[in-house]
file structure28.tsv (TSV, C-alpha atoms)
chain	number	residue	atom	x	y	z
A	1	LYS	CA	0.00	0.00	0.00
A	2	GLN	CA	1.42	3.38	-1.06
A	3	GLU	CA	2.24	5.74	1.78
A	4	VAL	CA	3.34	9.33	1.28
A	5	THR	CA	5.13	11.27	4.01
A	6	GLN	CA	6.03	14.94	4.08
A	7	ILE	CA	8.65	16.53	6.28
A	8	PRO	CA	8.55	18.95	7.97
A	9	ALA	CA	4.89	19.21	8.98
A	10	ALA	CA	5.31	22.95	9.47
A	11	LEU	CA	7.98	25.47	8.61
A	12	SER	CA	8.42	29.17	9.34
A	13	VAL	CA	11.07	31.19	7.53
A	14	PRO	CA	11.90	34.88	7.07
A	15	GLU	CA	11.20	36.44	3.71
A	16	GLY	CA	13.94	35.95	1.13
A	17	GLU	CA	15.17	32.57	2.34
A	18	ASN	CA	15.53	29.59	0.05
A	19	LEU	CA	13.81	26.48	1.40
A	20	VAL	CA	13.28	22.80	0.67
A	21	LEU	CA	10.20	20.71	1.33
A	22	ASN	CA	10.54	16.94	1.39
A	23	CYS	CA	8.25	14.17	0.23
A	24	SER	CA	8.88	10.43	0.44
A	25	PHE	CA	6.82	7.51	-0.85
A	26	THR	CA	7.02	3.77	-0.29
A	27	ASP	CA	6.10	2.30	-3.69
A	28	SER	CA	8.21	3.41	-6.65
A	29	ALA	CA	5.69	2.12	-9.23
A	30	ILE	CA	4.22	5.52	-10.01
A	31	TYR	CA	3.19	7.34	-13.17
A	32	ASN	CA	4.04	10.77	-11.86
A	33	LEU	CA	4.41	12.97	-8.80
A	34	GLN	CA	2.63	16.26	-8.36
A	35	TRP	CA	3.15	19.17	-6.00
A	36	PHE	CA	0.13	21.23	-4.99
A	37	ARG	CA	-0.46	24.38	-3.02
A	38	GLN	CA	-3.52	24.77	-0.80
A	39	ASP	CA	-4.63	28.08	0.69
A	40	PRO	CA	-6.99	28.12	3.69
A	41	GLY	CA	-10.55	27.37	2.64
A	42	LYS	CA	-9.53	26.92	-0.96
A	43	GLY	CA	-9.00	24.01	-3.32
A	44	LEU	CA	-5.67	22.74	-4.52
A	45	THR	CA	-3.56	24.46	-7.15
A	46	SER	CA	-1.17	22.30	-9.14
A	47	LEU	CA	2.37	23.69	-9.06
A	48	LEU	CA	4.49	21.09	-10.81
A	49	LEU	CA	4.02	17.62	-12.24
A	50	ILE	CA	7.01	15.32	-12.76
A	51	GLN	CA	6.56	12.27	-14.96
A	52	SER	CA	8.14	9.03	-13.71
A	53	SER	CA	10.75	9.25	-16.47
A	54	GLN	CA	11.79	12.78	-15.50
A	55	ARG	CA	14.19	13.96	-12.81
A	56	GLU	CA	12.98	17.50	-12.25
A	57	GLN	CA	10.64	20.27	-13.29
A	58	THR	CA	10.97	24.02	-12.88
A	59	SER	CA	8.45	26.82	-12.83
A	60	GLY	CA	9.62	30.29	-11.88
A	61	ARG	CA	11.06	30.20	-8.36
A	62	LEU	CA	9.98	26.58	-7.89
A	63	ASN	CA	12.01	23.50	-8.69
A	64	ALA	CA	10.86	19.96	-7.99
A	65	SER	CA	13.05	16.90	-8.20
A	66	LEU	CA	12.16	13.23	-8.31
A	67	ASP	CA	14.29	10.23	-7.37
A	68	LYS	CA	11.94	7.36	-8.01
A	69	SER	CA	14.36	4.62	-6.99
A	70	SER	CA	14.77	6.07	-3.51
A	71	GLY	CA	11.15	7.18	-3.25
A	72	ARG	CA	11.90	10.85	-2.71
A	73	SER	CA	10.96	14.23	-4.08
A	74	THR	CA	11.91	17.71	-3.02
A	75	LEU	CA	10.31	21.06	-3.73
A	76	TYR	CA	12.77	23.91	-3.70
A	77	ILE	CA	11.42	27.45	-3.31
A	78	ALA	CA	13.87	30.24	-4.05
A	79	ALA	CA	13.72	33.70	-2.51
A	80	SER	CA	10.57	32.99	-0.50
A	81	GLN	CA	7.86	35.66	-0.23
A	82	PRO	CA	4.98	36.14	2.23
A	83	GLY	CA	2.61	35.22	-0.61
A	84	ASP	CA	4.16	31.75	-0.64
A	85	SER	CA	2.55	31.04	2.74
A	86	ALA	CA	0.25	28.05	2.27
A	87	THR	CA	0.11	24.30	2.74
A	88	TYR	CA	2.15	22.36	0.21
A	89	LEU	CA	1.03	18.85	-0.66
A	90	CYS	CA	2.78	16.22	-2.71
A	91	ALA	CA	0.88	13.39	-4.35
A	92	VAL	CA	1.97	10.30	-6.26
A	93	LYS	CA	-0.05	8.76	-9.05
A	94	GLY	CA	-0.24	5.01	-9.36
A	95	ASN	CA	-3.72	3.62	-9.89
A	96	LYS	CA	-4.92	6.65	-7.97
A	97	LEU	CA	-3.52	9.85	-6.54
A	98	ILE	CA	-2.20	9.39	-3.01
A	99	PHE	CA	-1.46	12.53	-1.01
A	100	GLY	CA	0.87	13.29	1.83
A	101	THR	CA	-0.36	15.23	4.85
A	102	GLY	CA	1.32	18.43	3.70
A	103	THR	CA	3.80	21.01	4.95
A	104	LEU	CA	2.37	24.22	6.37
A	105	LEU	CA	4.68	27.04	5.28
A	106	ALA	CA	4.70	30.49	6.83
A	107	VAL	CA	6.97	33.14	5.30
A	108	GLN	CA	7.44	36.03	7.69
A	109	PRO	CA	7.77	39.55	6.19
B	1	GLY	CA	-11.81	29.46	-19.14
B	2	ALA	CA	-13.87	28.33	-16.17
B	3	GLY	CA	-12.30	25.98	-13.68
B	4	VAL	CA	-13.86	23.18	-11.68
B	5	SER	CA	-16.83	24.39	-9.69
B	6	GLN	CA	-18.54	22.77	-6.73
B	7	THR	CA	-21.84	23.48	-5.08
B	8	PRO	CA	-22.74	24.17	-2.40
B	9	SER	CA	-19.61	25.67	-0.90
B	10	ASN	CA	-20.90	24.83	2.58
B	11	LYS	CA	-23.48	22.33	3.71
B	12	VAL	CA	-24.70	21.84	7.27
B	13	THR	CA	-26.98	18.90	7.90
B	14	GLU	CA	-28.25	16.79	10.75
B	15	LYS	CA	-27.17	13.27	11.49
B	16	GLY	CA	-29.20	10.78	9.50
B	17	LYS	CA	-30.06	13.13	6.65
B	18	TYR	CA	-29.31	12.66	2.94
B	19	VAL	CA	-27.02	15.11	1.08
B	20	GLU	CA	-25.94	15.66	-2.49
B	21	LEU	CA	-22.76	17.45	-3.51
B	22	ARG	CA	-22.30	18.64	-7.07
B	23	CYS	CA	-19.20	18.99	-9.22
B	24	ASP	CA	-18.93	20.73	-12.59
B	25	PRO	CA	-15.61	19.74	-14.22
B	26	ILE	CA	-13.66	21.70	-16.77
B	27	SER	CA	-15.36	21.37	-20.14
B	28	GLY	CA	-13.92	18.53	-22.19
B	29	HIS	CA	-12.19	16.76	-19.30
B	30	THR	CA	-12.98	13.08	-19.47
B	31	ALA	CA	-11.70	12.07	-16.04
B	32	LEU	CA	-13.36	13.23	-12.81
B	33	TYR	CA	-12.28	12.48	-9.27
B	34	TRP	CA	-13.78	12.87	-5.80
B	35	TYR	CA	-11.67	13.23	-2.67
B	36	ARG	CA	-12.39	13.80	1.00
B	37	GLN	CA	-10.13	15.94	3.16
B	38	SER	CA	-10.33	15.88	6.93
B	39	LEU	CA	-8.77	18.63	9.04
B	40	GLY	CA	-4.98	18.46	9.02
B	41	GLN	CA	-4.87	15.67	6.48
B	42	GLY	CA	-4.20	15.38	2.79
B	43	PRO	CA	-7.08	14.60	0.43
B	44	GLU	CA	-8.16	10.96	0.41
B	45	PHE	CA	-9.29	9.36	-2.84
B	46	LEU	CA	-12.94	8.28	-3.02
B	47	ILE	CA	-13.86	7.51	-6.63
B	48	TYR	CA	-12.97	8.37	-10.18
B	49	PHE	CA	-14.94	8.41	-13.41
B	50	GLN	CA	-13.72	7.94	-16.93
B	51	GLY	CA	-16.59	9.33	-18.98
B	52	THR	CA	-19.87	8.14	-17.49
B	53	GLY	CA	-18.56	5.05	-15.75
B	54	ALA	CA	-16.98	4.72	-12.33
B	55	ALA	CA	-13.57	3.29	-13.19
B	56	ASP	CA	-12.45	2.96	-9.58
B	57	ASP	CA	-14.70	3.33	-6.53
B	58	SER	CA	-12.38	1.59	-4.10
B	59	GLY	CA	-12.06	4.68	-1.92
B	60	LEU	CA	-15.74	4.96	-1.01
B	61	PRO	CA	-15.82	4.22	2.73
B	62	ASN	CA	-19.10	2.28	2.77
B	63	ASP	CA	-22.37	1.79	0.91
B	64	ARG	CA	-23.82	5.05	2.25
B	65	PHE	CA	-21.66	6.82	-0.32
B	66	PHE	CA	-22.53	6.81	-4.00
B	67	ALA	CA	-21.58	8.97	-6.98
B	68	VAL	CA	-22.94	9.35	-10.48
B	69	ARG	CA	-21.91	11.07	-13.69
B	70	PRO	CA	-24.78	10.25	-16.04
B	71	GLU	CA	-23.78	12.36	-19.04
B	72	GLY	CA	-20.02	12.28	-18.61
B	73	SER	CA	-19.82	15.85	-17.37
B	74	VAL	CA	-21.43	16.95	-14.08
B	75	SER	CA	-21.08	14.54	-11.17
B	76	THR	CA	-23.02	14.22	-7.94
B	77	LEU	CA	-21.71	12.64	-4.76
B	78	LYS	CA	-24.55	11.30	-2.64
B	79	ILE	CA	-24.32	10.46	1.04
B	80	GLN	CA	-27.16	8.65	2.78
B	81	ARG	CA	-27.85	8.56	6.52
B	82	THR	CA	-25.05	11.02	7.24
B	83	GLU	CA	-22.91	10.54	10.33
B	84	ARG	CA	-20.83	13.06	12.27
B	85	GLY	CA	-17.69	11.33	10.99
B	86	ASP	CA	-18.66	12.29	7.43
B	87	SER	CA	-17.84	15.92	8.25
B	88	ALA	CA	-14.99	16.99	5.97
B	89	VAL	CA	-14.22	18.99	2.86
B	90	TYR	CA	-15.21	17.10	-0.28
B	91	LEU	CA	-13.03	17.98	-3.23
B	92	CYS	CA	-13.64	17.32	-6.89
B	93	ALA	CA	-10.98	17.33	-9.61
B	94	SER	CA	-10.92	16.77	-13.35
B	95	SER	CA	-8.21	16.01	-15.89
B	96	PRO	CA	-8.05	15.71	-19.65
B	97	GLN	CA	-6.87	12.09	-19.51
B	98	VAL	CA	-6.54	9.29	-17.04
B	99	ALA	CA	-2.98	8.17	-16.48
B	100	GLY	CA	0.43	9.19	-17.69
B	101	GLY	CA	1.44	11.99	-20.02
B	102	PRO	CA	1.30	15.74	-19.51
B	103	GLY	CA	-2.49	15.73	-19.59
B	104	ASP	CA	-2.68	13.87	-16.31
B	105	THR	CA	-2.62	17.03	-14.20
B	106	GLN	CA	-5.67	17.18	-11.97
B	107	TYR	CA	-7.44	20.50	-11.58
B	108	PHE	CA	-9.27	20.88	-8.30
B	109	GLY	CA	-12.42	22.72	-7.36
B	110	PRO	CA	-12.73	24.80	-4.15
B	111	GLY	CA	-14.51	21.99	-2.33
B	112	THR	CA	-17.72	21.61	-0.35
B	113	ARG	CA	-17.39	21.81	3.41
B	114	LEU	CA	-19.85	19.32	4.89
B	115	THR	CA	-20.75	19.57	8.56
B	116	VAL	CA	-22.93	16.91	10.11
B	117	LEU	CA	-24.39	17.95	13.44
call {"tool": "encode", "arguments": {"input": "structure28.tsv", "output": "structure tokens"}}
result
Amino acid sequence: KQEVTQIPAALSVPEGENLVLNCSFTDSAIYNLQWFRQDPGKGLTSLLLIQSSQREQTSGRLNASLDKSSGRSTLYIAASQPGDSATYLCAVKGNKLIFGTGTLLAVQP
Amino acid sequence: GAGVSQTPSNKVTEKGKYVELRCDPISGHTALYWYRQSLGQGPEFLIYFQGTGAADDSGLPNDRFFAVRPEGSVSTLKIQRTERGDSAVYLCASSPQVAGGPGDTQYFGPGTRLTVL
């Protein structure tokens, strides 16, 4: 059974810092891995999707990597801003999308 | 264009009542998914449709939960004899295709917050 774990559960950083969010999964038989952002009371916004054959994806200040063999992904956020404050969820797609419990990020101005 | 919409945004009901939650996917998306998110948790898969048929309903917790998508577009999640433990945010998502490829990105609606008193 696929299990997805995210570390840390919560993170508070001052504005401008670079930061890394971690995601690990137990079953490497996945189609892809997706990182989402969730704002309070809102739905999920897809940030990056990495296919199983890819190693990383970049969008603006965000970079996500995937090491399928070790069951790990990282989301790197450069030059963090207060507007980045949200919960970040990773999810792996096998037969279905399995989510981690998320990392609650607070960027202090 | 319009994203995934869900109605109602909030639903408060009493234990034992029947509720229906509606999802309007992005036009043209063939795959539709329902998830349930409890406080402090990630979304948990319930069911997904490919077109009109339920391709995988293994996440439905019990037979009180049922979902339909009769015309391959709008979907309704139905919960009978609601219990307090059903309280959660119910999320709907759609995607252009089912598995693999760049079209597999799921686009989520804002969710329906269900509270069972």
call {"tool": "residues_near_point", "arguments": {"input": "structure28.tsv", "point": "(-8.7, 15.3, 8.7)", "cutoff": "12 Å", "atoms": "only C-alpha atoms", "output": "list in words"}}
result
Gly100, Thr101 and Gly102 of chain A; Tyr35, Arg36, Gln37, Ser38, Leu39, Gly40, Gln41, Gly42, Pro43, Glu44, Gly85, Asp86, Ser87, Ala88, Val89 and Tyr90 of chain B
call {"tool": "closest_residue", "arguments": {"input": "structure28.tsv", "among": "A:Asn22, A:Thr74, A:Ser12, A:Thr87", "to": "chain B", "atoms": "only C-alpha atoms"}}
result
A:Thr87
call {"tool": "residues_around", "arguments": {"input": "structure28.tsv", "residues": "Leu75 (chain A)", "least_positions_apart": "6", "cutoff": "10 Å", "atoms": "all atoms listed in the file", "output": "ChimeraX atom specification"}}
result
/A:19-23,35,47-48,56-58,62-66,88,90
call {"tool": "residues_around", "arguments": {"input": "structure28.tsv", "residues": "Tyr18 (chain B)", "least_positions_apart": "4", "cutoff": "7 Å", "atoms": "only C-alpha atoms", "output": "list in words"}}
result
Ile79, Gln80, Arg81 and Thr82 of chain B
call {"tool": "write_last_selection", "arguments": {"input": "structure28.tsv", "atoms": "C-alpha atoms", "output": "short mmCIF file (atom, residue, chain, number, x, y, z; two decimals), in the frame of the given file"}}
result
data_model
loop_
_atom_site.label_atom_id
_atom_site.label_comp_id
_atom_site.auth_asym_id
_atom_site.auth_seq_id
_atom_site.Cartn_x
_atom_site.Cartn_y
_atom_site.Cartn_z
CA ILE B 79 -24.32 10.46 1.04
CA GLN B 80 -27.16 8.65 2.78
CA ARG B 81 -27.85 8.56 6.52
CA THR B 82 -25.05 11.02 7.24
#
call {"tool": "interface_residues", "arguments": {"input": "structure28.tsv", "of": "chain A", "to": "chain B", "cutoff": "6 Å", "atoms": "all atoms listed in the file", "output": "VMD selection string"}}
result
chain A and resid 31 42 to 44 99 to 101
call {"tool": "atom_distance", "arguments": {"input": "structure28.tsv", "atom1": "CA of Pro8 (chain A)", "atom2": "CA of Ala86 (chain A)"}}
result
13.6 Å
call {"tool": "residues_around", "arguments": {"input": "structure28.tsv", "residues": "Asp84 (chain A)", "least_positions_apart": "6", "cutoff": "12 Å", "atoms": "all atoms listed in the file", "output": "list in words"}}
result
Leu11, Ser12, Val13, Pro14, Glu15, Gly16, Glu17, Asn18, Leu19, Arg37, Gln38, Asp39, Leu47, Arg61, Leu62, Ile77, Ala78, Leu104, Leu105, Ala106, Val107, Gln108 and Pro109 of chain A
call {"tool": "residues_around", "arguments": {"input": "structure28.tsv", "residues": "Gln50 (chain B)", "least_positions_apart": "6", "cutoff": "12 Å", "atoms": "only C-alpha atoms", "output": "PyMOL selection string"}}
result
chain B and resi 28-33+56-57+68-73+75+94-99
call {"tool": "atom_distance", "arguments": {"input": "structure28.tsv", "atom1": "CA of Ala29 (chain A)", "atom2": "CA of Thr103 (chain A)"}}
result
23.7 Å
call {"tool": "atom_distance", "arguments": {"input": "structure28.tsv", "atom1": "CA of Trp34 (chain B)", "atom2": "CA of Ser28 (chain A)"}}
result
24.0 Å
call {"tool": "residues_around", "arguments": {"input": "structure28.tsv", "residues": "Lys78 (chain B)", "least_positions_apart": "4", "cutoff": "8 Å", "atoms": "only C-alpha atoms", "output": "number ranges by chain"}}
result
B: 18-21, 64-67
call {"tool": "write_last_selection", "arguments": {"input": "structure28.tsv", "atoms": "C-alpha atoms", "output": "PDB file, in the frame of the given file"}}
result
ATOM      1  CA  TYR B  18     -29.310  12.660   2.940  1.00  0.00           C
ATOM      2  CA  VAL B  19     -27.020  15.110   1.080  1.00  0.00           C
ATOM      3  CA  GLU B  20     -25.940  15.660  -2.490  1.00  0.00           C
ATOM      4  CA  LEU B  21     -22.760  17.450  -3.510  1.00  0.00           C
ATOM      5  CA  ARG B  64     -23.820   5.050   2.250  1.00  0.00           C
ATOM      6  CA  PHE B  65     -21.660   6.820  -0.320  1.00  0.00           C
ATOM      7  CA  PHE B  66     -22.530   6.810  -4.000  1.00  0.00           C
ATOM      8  CA  ALA B  67     -21.580   8.970  -6.980  1.00  0.00           C
TER       9      ALA B  67
END
call {"tool": "decode", "arguments": {"input": "structure28.tsv", "residues": "region 76-90 of chain A", "atoms": "all heavy atoms", "output": "PDB file, in the first residue's frame"}}
result
ATOM      1  N   TYR A  76      11.883  22.824  -4.068  1.00  0.00           N
ATOM      2  CA  TYR A  76      12.771  23.915  -3.699  1.00  0.00           C
ATOM      3  C   TYR A  76      12.089  25.230  -4.065  1.00  0.00           C
ATOM      4  O   TYR A  76      11.626  25.398  -5.196  1.00  0.00           O
ATOM      5  CB  TYR A  76      14.089  23.763  -4.465  1.00  0.00           C
ATOM      6  CG  TYR A  76      15.080  24.891  -4.284  1.00  0.00           C
ATOM      7  CD1 TYR A  76      15.916  24.929  -3.177  1.00  0.00           C
ATOM      8  CD2 TYR A  76      15.187  25.889  -5.237  1.00  0.00           C
ATOM      9  CE1 TYR A  76      16.839  25.954  -3.020  1.00  0.00           C
ATOM     10  CE2 TYR A  76      16.102  26.918  -5.093  1.00  0.00           C
ATOM     11  CZ  TYR A  76      16.933  26.936  -3.979  1.00  0.00           C
ATOM     12  OH  TYR A  76      17.843  27.957  -3.825  1.00  0.00           O
ATOM     13  N   ILE A  77      12.005  26.130  -3.075  1.00  0.00           N
ATOM     14  CA  ILE A  77      11.425  27.451  -3.313  1.00  0.00           C
ATOM     15  C   ILE A  77      12.523  28.484  -3.098  1.00  0.00           C
ATOM     16  O   ILE A  77      13.098  28.574  -1.998  1.00  0.00           O
ATOM     17  CB  ILE A  77      10.236  27.734  -2.376  1.00  0.00           C
ATOM     18  CG1 ILE A  77       9.158  26.664  -2.540  1.00  0.00           C
ATOM     19  CG2 ILE A  77       9.662  29.124  -2.657  1.00  0.00           C
ATOM     20  CD1 ILE A  77       7.960  26.829  -1.591  1.00  0.00           C
ATOM     21  N   ALA A  78      12.818  29.236  -4.128  1.00  0.00           N
ATOM     22  CA  ALA A  78      13.871  30.242  -4.049  1.00  0.00           C
ATOM     23  C   ALA A  78      13.292  31.590  -3.640  1.00  0.00           C
ATOM     24  O   ALA A  78      12.166  31.929  -4.006  1.00  0.00           O
ATOM     25  CB  ALA A  78      14.573  30.366  -5.395  1.00  0.00           C
ATOM     26  N   ALA A  79      14.069  32.328  -2.878  1.00  0.00           N
ATOM     27  CA  ALA A  79      13.724  33.705  -2.509  1.00  0.00           C
ATOM     28  C   ALA A  79      12.272  33.800  -2.045  1.00  0.00           C
ATOM     29  O   ALA A  79      11.449  34.495  -2.653  1.00  0.00           O
ATOM     30  CB  ALA A  79      13.974  34.634  -3.690  1.00  0.00           C
ATOM     31  N   SER A  80      11.966  33.109  -0.974  1.00  0.00           N
ATOM     32  CA  SER A  80      10.574  32.990  -0.504  1.00  0.00           C
ATOM     33  C   SER A  80       9.957  34.369  -0.220  1.00  0.00           C
ATOM     34  O   SER A  80      10.642  35.322   0.182  1.00  0.00           O
ATOM     35  CB  SER A  80      10.508  32.114   0.741  1.00  0.00           C
ATOM     36  OG  SER A  80      11.305  32.654   1.775  1.00  0.00           O
ATOM     37  N   GLN A  81       8.634  34.426  -0.426  1.00  0.00           N
ATOM     38  CA  GLN A  81       7.858  35.657  -0.234  1.00  0.00           C
ATOM     39  C   GLN A  81       6.676  35.363   0.683  1.00  0.00           C
ATOM     40  O   GLN A  81       6.208  34.219   0.738  1.00  0.00           O
ATOM     41  CB  GLN A  81       7.346  36.152  -1.584  1.00  0.00           C
ATOM     42  CG  GLN A  81       8.433  36.415  -2.606  1.00  0.00           C
ATOM     43  CD  GLN A  81       7.871  36.699  -3.988  1.00  0.00           C
ATOM     44  OE1 GLN A  81       6.672  36.644  -4.215  1.00  0.00           O
ATOM     45  NE2 GLN A  81       8.765  37.010  -4.922  1.00  0.00           N
ATOM     46  N   PRO A  82       6.158  36.373   1.372  1.00  0.00           N
ATOM     47  CA  PRO A  82       4.977  36.135   2.234  1.00  0.00           C
ATOM     48  C   PRO A  82       3.813  35.494   1.478  1.00  0.00           C
ATOM     49  O   PRO A  82       3.068  34.695   2.049  1.00  0.00           O
ATOM     50  CB  PRO A  82       4.638  37.536   2.730  1.00  0.00           C
ATOM     51  CG  PRO A  82       5.942  38.251   2.749  1.00  0.00           C
ATOM     52  CD  PRO A  82       6.689  37.731   1.550  1.00  0.00           C
ATOM     53  N   GLY A  83       3.683  35.803   0.196  1.00  0.00           N
ATOM     54  CA  GLY A  83       2.611  35.215  -0.607  1.00  0.00           C
ATOM     55  C   GLY A  83       2.780  33.726  -0.859  1.00  0.00           C
ATOM     56  O   GLY A  83       1.849  33.075  -1.346  1.00  0.00           O
ATOM     57  N   ASP A  84       3.948  33.193  -0.513  1.00  0.00           N
ATOM     58  CA  ASP A  84       4.158  31.747  -0.644  1.00  0.00           C
ATOM     59  C   ASP A  84       3.557  30.986   0.534  1.00  0.00           C
ATOM     60  O   ASP A  84       3.515  29.748   0.512  1.00  0.00           O
ATOM     61  CB  ASP A  84       5.663  31.422  -0.722  1.00  0.00           C
ATOM     62  CG  ASP A  84       6.319  31.976  -1.973  1.00  0.00           C
ATOM     63  OD1 ASP A  84       5.633  32.133  -2.999  1.00  0.00           O
ATOM     64  OD2 ASP A  84       7.538  32.270  -1.912  1.00  0.00           O
ATOM     65  N   SER A  85       3.122  31.691   1.548  1.00  0.00           N
ATOM     66  CA  SER A  85       2.551  31.041   2.736  1.00  0.00           C
ATOM     67  C   SER A  85       1.307  30.249   2.352  1.00  0.00           C
ATOM     68  O   SER A  85       0.357  30.793   1.789  1.00  0.00           O
ATOM     69  CB  SER A  85       2.207  32.084   3.797  1.00  0.00           C
ATOM     70  OG  SER A  85       3.370  32.773   4.213  1.00  0.00           O
ATOM     71  N   ALA A  86       1.334  28.964   2.639  1.00  0.00           N
ATOM     72  CA  ALA A  86       0.246  28.047   2.268  1.00  0.00           C
ATOM     73  C   ALA A  86       0.638  26.659   2.753  1.00  0.00           C
ATOM     74  O   ALA A  86       1.717  26.465   3.309  1.00  0.00           O
ATOM     75  CB  ALA A  86       0.029  28.025   0.764  1.00  0.00           C
ATOM     76  N   THR A  87      -0.242  25.702   2.520  1.00  0.00           N
ATOM     77  CA  THR A  87       0.107  24.297   2.745  1.00  0.00           C
ATOM     78  C   THR A  87       0.515  23.691   1.413  1.00  0.00           C
ATOM     79  O   THR A  87      -0.177  23.872   0.405  1.00  0.00           O
ATOM     80  CB  THR A  87      -1.077  23.523   3.334  1.00  0.00           C
ATOM     81  OG1 THR A  87      -1.401  24.050   4.624  1.00  0.00           O
ATOM     82  CG2 THR A  87      -0.734  22.043   3.472  1.00  0.00           C
ATOM     83  N   TYR A  88       1.634  22.995   1.412  1.00  0.00           N
ATOM     84  CA  TYR A  88       2.154  22.362   0.206  1.00  0.00           C
ATOM     85  C   TYR A  88       1.985  20.853   0.328  1.00  0.00           C
ATOM     86  O   TYR A  88       2.422  20.239   1.309  1.00  0.00           O
ATOM     87  CB  TYR A  88       3.620  22.746  -0.011  1.00  0.00           C
ATOM     88  CG  TYR A  88       3.766  24.187  -0.408  1.00  0.00           C
ATOM     89  CD1 TYR A  88       3.728  25.187   0.569  1.00  0.00           C
ATOM     90  CD2 TYR A  88       3.886  24.573  -1.730  1.00  0.00           C
ATOM     91  CE1 TYR A  88       3.814  26.529   0.220  1.00  0.00           C
ATOM     92  CE2 TYR A  88       3.984  25.908  -2.098  1.00  0.00           C
ATOM     93  CZ  TYR A  88       3.936  26.871  -1.106  1.00  0.00           C
ATOM     94  OH  TYR A  88       4.013  28.207  -1.466  1.00  0.00           O
ATOM     95  N   LEU A  89       1.330  20.284  -0.666  1.00  0.00           N
ATOM     96  CA  LEU A  89       1.031  18.854  -0.664  1.00  0.00           C
ATOM     97  C   LEU A  89       1.729  18.185  -1.839  1.00  0.00           C
ATOM     98  O   LEU A  89       1.733  18.721  -2.950  1.00  0.00           O
ATOM     99  CB  LEU A  89      -0.475  18.627  -0.801  1.00  0.00           C
ATOM    100  CG  LEU A  89      -1.341  19.065   0.375  1.00  0.00           C
ATOM    101  CD1 LEU A  89      -2.753  19.371  -0.093  1.00  0.00           C
ATOM    102  CD2 LEU A  89      -1.384  17.998   1.445  1.00  0.00           C
ATOM    103  N   CYS A  90       2.315  17.026  -1.590  1.00  0.00           N
ATOM    104  CA  CYS A  90       2.784  16.218  -2.709  1.00  0.00           C
ATOM    105  C   CYS A  90       1.856  15.029  -2.860  1.00  0.00           C
ATOM    106  O   CYS A  90       1.221  14.581  -1.882  1.00  0.00           O
ATOM    107  CB  CYS A  90       4.234  15.772  -2.540  1.00  0.00           C
ATOM    108  SG  CYS A  90       4.507  14.457  -1.351  1.00  0.00           S
TER     109      CYS A  90
END
